[in-house]
$ cat query.txt   # compact mmCIF, C-alpha atoms
# COMPACT_ATOMS: atom_id res chain seq x y z
CA MET D 293 -110.59 90.42 29.64
CA ALA D 294 -107.31 92.33 29.81
CA ARG D 295 -105.39 94.03 32.56
CA TYR D 296 -105.19 97.80 32.32
CA THR D 297 -103.08 100.27 34.24
CA VAL D 298 -104.98 103.50 34.88
CA ARG D 299 -103.56 106.73 36.24
CA ILE D 300 -105.89 108.77 38.40
CA GLU D 301 -104.96 112.29 39.43
CA VAL D 302 -107.00 113.94 42.18
CA TRP D 303 -106.78 117.72 42.39
CA LEU D 304 -108.65 120.33 44.37
CA ARG D 305 -111.14 122.06 42.08
CA GLU D 306 -109.95 125.30 40.47
CA GLY D 307 -110.74 128.31 42.64
CA LEU D 308 -110.58 126.48 45.96
CA VAL D 309 -107.84 127.42 48.39
CA ASP D 310 -105.09 124.78 48.28
CA PRO D 311 -103.35 124.93 51.67
CA GLU D 312 -100.79 122.24 50.81
CA GLY D 313 -99.90 123.99 47.55
CA ARG D 314 -99.52 127.28 49.37
CA THR D 315 -97.32 125.72 52.06
CA VAL D 316 -95.11 124.09 49.42
CA SER D 317 -94.85 127.34 47.47
CA GLU D 318 -93.83 129.31 50.56
CA ALA D 319 -91.34 126.67 51.70
CA LEU D 320 -89.71 126.53 48.24
CA SER D 321 -89.51 130.32 48.08
CA GLY D 322 -87.89 130.27 51.51
CA LEU D 323 -85.27 127.86 50.15
CA GLY D 324 -84.46 130.30 47.34
CA PHE D 325 -86.42 128.78 44.44
CA PRO D 326 -88.12 131.42 42.23
CA VAL D 327 -91.54 129.80 42.61
CA ARG D 328 -94.68 131.72 41.61
CA SER D 329 -97.32 129.23 42.68
CA ALA D 330 -97.79 125.56 43.44
CA ARG D 331 -100.69 123.13 43.44
CA ALA D 332 -100.64 119.80 45.21
CA GLY D 333 -102.58 116.67 44.35
CA ARG D 334 -102.63 112.93 44.74
CA ILE D 335 -101.90 110.36 42.08
CA TYR D 336 -102.70 106.66 41.80
CA GLU D 337 -101.62 103.97 39.37
CA ILE D 338 -104.13 101.17 39.56
CA SER D 339 -104.07 97.81 37.81
CA VAL D 340 -107.58 96.64 36.97
CA ASP D 341 -109.20 93.88 34.90
CA ALA D 342 -111.59 95.18 32.25
CA PRO D 343 -112.94 94.04 28.87
CA GLY D 344 -111.71 97.24 27.16
CA ALA D 345 -110.05 100.62 27.70
CA GLU D 346 -113.38 102.43 27.81
CA GLU D 347 -114.61 100.18 30.61
CA ALA D 348 -111.31 100.67 32.47
CA VAL D 349 -111.85 104.45 32.33
CA SER D 350 -115.44 104.06 33.54
CA MET D 351 -114.24 101.96 36.45
CA ALA D 352 -111.60 104.54 37.33
CA GLU D 353 -114.24 107.27 37.31
CA GLY D 354 -116.32 105.11 39.64
CA MET D 355 -113.31 104.69 41.97
CA CYS D 356 -113.03 108.48 42.10
CA ARG D 357 -116.69 108.91 42.97
CA GLU D 358 -116.81 106.12 45.52
CA LEU D 359 -113.45 106.38 47.28
CA LEU D 360 -110.62 108.51 45.97
CA ALA D 361 -112.15 111.96 45.58
CA ASN D 362 -114.60 114.20 47.36
CA PRO D 363 -116.89 115.32 44.51
CA VAL D 364 -117.61 118.66 46.17
CA ARG D 365 -113.98 119.59 46.53
CA ASP D 366 -111.93 117.47 44.13
CA SER D 367 -111.72 116.82 40.42
CA CYS D 368 -110.23 113.68 38.85
CA ARG D 369 -108.25 113.16 35.67
CA VAL D 370 -108.23 109.59 34.41
CA GLU D 371 -105.95 108.07 31.78
CA VAL D 372 -105.17 104.53 30.64
CA ILE D 373 -101.38 104.14 30.48
CA GLY D 374 -100.94 100.42 29.89
CA ARG D 375 -102.64 97.24 28.78
CA ARG D 376 -101.67 93.61 28.82
CA ASP D 377 -103.48 90.36 28.29
CA PRO D 378 -102.84 88.17 31.37
CA SER D 379 -103.52 84.97 29.39
CA ARG D 380 -100.73 85.69 26.91
CA ARG D 381 -97.23 84.56 27.84
CA PRO D 382 -94.73 87.39 28.22
CA ARG D 383 -92.42 86.02 25.51
CA SER D 384 -95.00 84.83 23.01
CA PRO D 385 -94.02 85.78 19.45
CA PRO D 386 -95.89 88.67 17.82
CA GLU D 387 -98.90 87.71 15.68
CA MET V 145 -86.48 134.65 31.71
CA ALA V 146 -89.72 132.78 31.15
CA ARG V 147 -92.27 131.19 33.41
CA TYR V 148 -92.44 127.41 33.29
CA THR V 149 -94.98 125.03 34.73
CA VAL V 150 -93.33 121.85 35.95
CA ARG V 151 -95.07 118.66 37.06
CA ILE V 152 -93.35 116.73 39.80
CA GLU V 153 -94.53 113.25 40.72
CA VAL V 154 -93.25 111.73 43.95
CA TRP V 155 -93.54 107.96 44.27
CA LEU V 156 -92.24 105.44 46.75
CA ARG V 157 -89.28 103.62 45.22
CA GLU V 158 -90.04 100.31 43.50
CA GLY V 159 -89.85 97.40 45.90
CA LEU V 160 -90.81 99.37 49.02
CA VAL V 161 -94.07 98.53 50.74
CA ASP V 162 -96.66 101.16 49.84
CA PRO V 163 -99.19 101.14 52.70
CA GLU V 164 -101.44 103.79 51.12
CA GLY V 165 -101.51 101.89 47.84
CA ARG V 166 -102.36 98.68 49.63
CA THR V 167 -105.13 100.34 51.62
CA VAL V 168 -106.61 101.84 48.46
CA SER V 169 -106.38 98.50 46.66
CA GLU V 170 -108.14 96.66 49.47
CA ALA V 171 -110.82 99.32 49.84
CA LEU V 172 -111.53 99.31 46.09
CA SER V 173 -111.72 95.50 46.05
CA GLY V 174 -114.14 95.69 48.96
CA LEU V 175 -116.32 98.02 46.89
CA GLY V 176 -116.39 95.46 44.08
CA PHE V 177 -113.79 96.86 41.69
CA PRO V 178 -111.61 94.14 40.07
CA VAL V 179 -108.38 95.80 41.23
CA ARG V 180 -105.10 93.85 41.13
CA SER V 181 -102.79 96.41 42.72
CA ALA V 182 -102.52 100.12 43.40
CA ARG V 183 -99.71 102.57 44.00
CA ALA V 184 -100.19 105.98 45.57
CA GLY V 185 -98.08 109.09 45.08
CA ARG V 186 -98.12 112.84 45.31
CA ILE V 187 -98.14 115.28 42.45
CA TYR V 188 -97.28 118.96 42.23
CA GLU V 189 -97.70 121.55 39.50
CA ILE V 190 -95.29 124.36 40.18
CA SER V 191 -94.88 127.64 38.34
CA VAL V 192 -91.27 128.78 38.33
CA ASP V 193 -89.16 131.47 36.61
CA ALA V 194 -86.19 130.07 34.69
CA PRO V 195 -84.06 131.05 31.70
CA GLY V 196 -84.84 127.78 29.87
CA ALA V 197 -86.61 124.44 30.13
CA GLU V 198 -83.42 122.65 31.13
CA GLU V 199 -82.91 125.02 34.06
CA ALA V 200 -86.57 124.59 35.05
CA VAL V 201 -86.04 120.81 35.20
CA SER V 202 -82.86 121.26 37.26
CA MET V 203 -84.73 123.47 39.70
CA ALA V 204 -87.53 120.92 39.99
CA GLU V 205 -84.96 118.21 40.74
CA GLY V 206 -83.52 120.48 43.42
CA MET V 207 -87.01 120.97 44.91
CA CYS V 208 -87.35 117.18 45.13
CA ARG V 209 -84.02 116.84 46.91
CA GLU V 210 -84.53 119.71 49.28
CA LEU V 211 -88.20 119.52 50.16
CA LEU V 212 -90.65 117.32 48.28
CA ALA V 213 -89.09 113.87 48.42
CA ASN V 214 -87.18 111.72 50.85
CA PRO V 215 -84.26 110.48 48.71
CA VAL V 216 -83.99 107.22 50.63
CA ARG V 217 -87.62 106.29 50.13
CA ASP V 218 -88.98 108.29 47.19
CA SER V 219 -88.26 108.79 43.53
CA CYS V 220 -89.30 111.85 41.52
CA ARG V 221 -90.43 112.22 37.92
CA VAL V 222 -90.11 115.74 36.55
CA GLU V 223 -91.66 117.14 33.38
CA VAL V 224 -92.09 120.64 31.94
CA ILE V 225 -95.72 121.00 30.83
CA GLY V 226 -95.98 124.69 30.00
CA ARG V 227 -94.04 127.83 29.21
CA ARG V 228 -94.95 131.46 28.88
CA ASP V 229 -93.04 134.68 28.73
CA PRO V 230 -94.39 136.95 31.50
CA SER V 231 -93.19 140.09 29.72
CA ARG V 232 -95.36 139.37 26.68
CA ARG V 233 -98.94 140.61 26.82
CA PRO V 234 -101.54 137.84 26.69
CA ARG V 235 -103.25 139.26 23.59
CA SER V 236 -100.24 140.37 21.60
CA PRO V 237 -100.51 139.24 17.96
CA PRO V 238 -98.35 136.28 16.88
CA GLU V 239 -95.00 137.18 15.34
$ encode --input "query.txt" --output "structure tokens"
Amino acid sequence: MARYTVRIEVWLREGLVDPEGRTVSEALSGLGFPVRSARAGRIYEISVDAPGAEEAVSMAEGMCRELLANPVRDSCRVEVIGRRDPSRRPRSPPE
Amino acid sequence: MARYTVRIEVWLREGLVDPEGRTVSEALSGLGFPVRSARAGRIYEISVDAPGAEEAVSMAEGMCRELLANPVRDSCRVEVIGRRDPSRRPRSPPE
């Protein structure tokens, strides 16, 4: 069992009106930035124990379905960005 | 002048208490996921006109300072993820 860090991005599905993105775009234009459009989402970095990277991704997809995203409205992107073995000492020599 | 897509991630600075991350972590543990910790942030994909990638990054950093992040509490990560020249037709043959 290793400890994985997974990144989960939650975005509104393409084609849906994104009120936060629109507000940000208008506010930035008002401040003088040459912005054409903006989308807004949420991002999580979650540390989870799993036997392998594939299982860590499956768990992250489950987290999306069960808590983090509304499946009707949102889509999730999942990526493993780190792995460490909690039983190995930080300064152990390489094998 | 080209059109760049920049990704801006806004995170609470390291060491600050992240109440949303803690809530997510506890809720996921309650659902049975073997979660050790979670951090929560916001993410934006912004389309902006700039003469070059460096200028697009500078603009994105300005957007963080002026609107998207609280400099006392938040840190921003900025990345250019796309570029296209709006004056070029989508189906023009490659050079």
$ closest_residue --input "query.txt" --among "V:Val222, V:Tyr188, V:Arg183, V:Phe177" --to "Ala204 in chain V" --atoms "only C-alpha atoms"
V:Val222
$ closest_atom_pairs --input "query.txt" --of "chain V" --to "chain D" --cutoff "12 Å" --atoms "all atoms listed in the file" --output "tab-separated table"
residue	atom	partner	partner_atom	distance
V:Met145	CA	D:Pro326	CA	11.1
V:Ala146	CA	D:Pro326	CA	11.3
V:Arg147	CA	D:Arg328	CA	8.6
V:Tyr148	CA	D:Arg328	CA	9.6
V:Thr149	CA	D:Ala330	CA	9.2
V:Val150	CA	D:Ala330	CA	9.5
V:Arg151	CA	D:Arg331	CA	9.6
V:Ile152	CA	D:Ala332	CA	9.6
V:Glu153	CA	D:Ile335	CA	8.0
V:Val154	CA	D:Ile335	CA	9.0
V:Trp155	CA	D:Ile335	CA	9.0
V:Leu156	CA	D:Tyr336	CA	11.6
V:Asp162	CA	D:Tyr336	CA	11.5
V:Glu164	CA	D:Tyr336	CA	9.8
V:Gly165	CA	D:Tyr336	CA	7.8
V:Arg166	CA	D:Ile338	CA	10.5
V:Thr167	CA	D:Leu359	CA	11.2
V:Val168	CA	D:Leu360	CA	8.2
V:Ser169	CA	D:Ile338	CA	7.9
V:Glu170	CA	D:Leu359	CA	11.3
V:Ala171	CA	D:Leu359	CA	8.0
V:Leu172	CA	D:Met355	CA	7.0
V:Ser173	CA	D:Val340	CA	10.0
V:Gly174	CA	D:Leu359	CA	10.8
V:Leu175	CA	D:Glu358	CA	8.2
V:Gly176	CA	D:Met355	CA	10.0
V:Phe177	CA	D:Met351	CA	7.3
V:Pro178	CA	D:Val340	CA	5.7
V:Val179	CA	D:Val340	CA	4.4
V:Arg180	CA	D:Ser339	CA	5.3
V:Ser181	CA	D:Ser339	CA	5.3
V:Ala182	CA	D:Ile338	CA	4.3
V:Arg183	CA	D:Glu337	CA	5.2
V:Ala184	CA	D:Tyr336	CA	4.6
V:Gly185	CA	D:Ile335	CA	5.0
V:Arg186	CA	D:Arg334	CA	4.5
V:Ile187	CA	D:Gly333	CA	5.0
V:Tyr188	CA	D:Ala332	CA	4.6
V:Glu189	CA	D:Arg331	CA	5.2
V:Ile190	CA	D:Ala330	CA	4.3
V:Ser191	CA	D:Ser329	CA	5.2
V:Val192	CA	D:Val327	CA	4.4
V:Asp193	CA	D:Pro326	CA	5.7
V:Ala194	CA	D:Pro326	CA	7.9
V:Pro195	CA	D:Pro326	CA	11.3
V:Glu199	CA	D:Phe325	CA	11.6
V:Ala200	CA	D:Pro326	CA	10.0
V:Ser202	CA	D:Phe325	CA	11.0
V:Met203	CA	D:Phe325	CA	7.3
V:Ala204	CA	D:Phe325	CA	9.1
V:Glu205	CA	D:Phe325	CA	11.3
V:Gly206	CA	D:Phe325	CA	8.9
V:Met207	CA	D:Leu320	CA	7.0
V:Cys208	CA	D:Leu320	CA	10.1
V:Arg209	CA	D:Leu320	CA	11.3
V:Glu210	CA	D:Leu323	CA	8.2
V:Leu211	CA	D:Leu320	CA	7.4
V:Leu212	CA	D:Val316	CA	8.2
V:Ala213	CA	D:Val316	CA	11.9
V:Pro230	CA	D:Arg328	CA	11.4
$ atom_distance --input "query.txt" --atom1 "CA of Val161 in chain V" --atom2 "CA of Val216 in chain V"
13.3 Å
$ atom_distance --input "query.txt" --atom1 "CA of Gly226 in chain V" --atom2 "CA of Pro311 in chain D"
22.9 Å
$ atom_distance --input "query.txt" --atom1 "CA of Val349 in chain D" --atom2 "CA of Glu223 in chain V"
23.9 Å
$ axis_aligned_box --input "query.txt" --around "range 355-367 of chain D" --padding-each-side "5 Å" --output "AutoDock Vina command-line options"
--center_x -114.1 --center_y 112.1 --center_z 43.9 --size_x 17.0 --size_y 24.9 --size_z 16.9
$ decode --input "query.txt" --residues "range 359-378 of chain D" --atoms "N, CA, C and O atoms" --output "compact mmCIF listing (two decimals), in the first residue's frame"
# COMPACT_ATOMS: atom_id res chain seq x y z
N LEU D 359 -19.15 12.86 -3.99
CA LEU D 359 -19.11 14.09 -3.20
C LEU D 359 -18.77 15.35 -3.99
O LEU D 359 -19.44 16.37 -3.85
N LEU D 360 -17.71 15.28 -4.80
CA LEU D 360 -17.11 16.54 -5.26
C LEU D 360 -17.82 17.16 -6.45
O LEU D 360 -17.75 18.37 -6.65
N ALA D 361 -18.48 16.33 -7.27
CA ALA D 361 -19.08 16.86 -8.49
C ALA D 361 -20.55 16.49 -8.57
O ALA D 361 -20.98 15.49 -8.00
N ASN D 362 -21.29 17.32 -9.27
CA ASN D 362 -22.67 17.00 -9.62
C ASN D 362 -22.62 16.40 -11.02
O ASN D 362 -22.29 17.12 -11.98
N PRO D 363 -22.93 15.11 -11.17
CA PRO D 363 -22.71 14.46 -12.48
C PRO D 363 -23.53 15.06 -13.61
O PRO D 363 -23.17 14.93 -14.78
N VAL D 364 -24.63 15.71 -13.29
CA VAL D 364 -25.45 16.33 -14.33
C VAL D 364 -24.76 17.57 -14.89
O VAL D 364 -24.82 17.86 -16.08
N ARG D 365 -24.07 18.27 -14.02
CA ARG D 365 -23.59 19.61 -14.36
C ARG D 365 -22.09 19.66 -14.54
O ARG D 365 -21.57 20.47 -15.31
N ASP D 366 -21.37 18.81 -13.81
CA ASP D 366 -19.91 18.93 -13.74
C ASP D 366 -19.21 17.78 -14.45
O ASP D 366 -19.74 16.68 -14.57
N SER D 367 -17.97 18.04 -14.87
CA SER D 367 -17.10 16.96 -15.31
C SER D 367 -15.81 17.04 -14.49
O SER D 367 -15.41 18.12 -14.05
N CYS D 368 -15.19 15.88 -14.27
CA CYS D 368 -13.97 15.80 -13.46
C CYS D 368 -12.79 15.39 -14.33
O CYS D 368 -12.94 14.57 -15.23
N ARG D 369 -11.63 15.96 -14.01
CA ARG D 369 -10.37 15.45 -14.58
C ARG D 369 -9.53 14.97 -13.40
O ARG D 369 -9.34 15.72 -12.45
N VAL D 370 -9.03 13.76 -13.52
CA VAL D 370 -8.28 13.15 -12.42
C VAL D 370 -6.87 12.83 -12.89
O VAL D 370 -6.68 12.38 -14.02
N GLU D 371 -5.89 13.08 -12.03
CA GLU D 371 -4.50 12.81 -12.37
C GLU D 371 -3.73 12.47 -11.10
O GLU D 371 -3.93 13.11 -10.07
N VAL D 372 -2.88 11.46 -11.18
CA VAL D 372 -1.99 11.15 -10.05
C VAL D 372 -0.75 12.02 -10.20
O VAL D 372 -0.11 12.00 -11.26
N ILE D 373 -0.40 12.78 -9.18
CA ILE D 373 0.78 13.66 -9.30
C ILE D 373 1.90 13.29 -8.34
O ILE D 373 2.97 13.89 -8.39
N GLY D 374 1.67 12.31 -7.47
CA GLY D 374 2.76 11.93 -6.56
C GLY D 374 2.49 10.58 -5.93
O GLY D 374 1.35 10.12 -5.86
N ARG D 375 3.58 9.93 -5.53
CA ARG D 375 3.47 8.63 -4.87
C ARG D 375 4.60 8.52 -3.87
O ARG D 375 5.73 8.88 -4.18
N ARG D 376 4.28 8.04 -2.67
CA ARG D 376 5.37 7.65 -1.78
C ARG D 376 4.92 6.47 -0.93
O ARG D 376 3.73 6.26 -0.70
N ASP D 377 5.90 5.71 -0.51
CA ASP D 377 5.65 4.52 0.29
C ASP D 377 5.80 4.92 1.74
O ASP D 377 6.91 5.23 2.18
N PRO D 378 4.71 4.95 2.53
CA PRO D 378 4.81 5.46 3.91
C PRO D 378 5.71 4.60 4.78
O PRO D 378 6.22 5.06 5.79
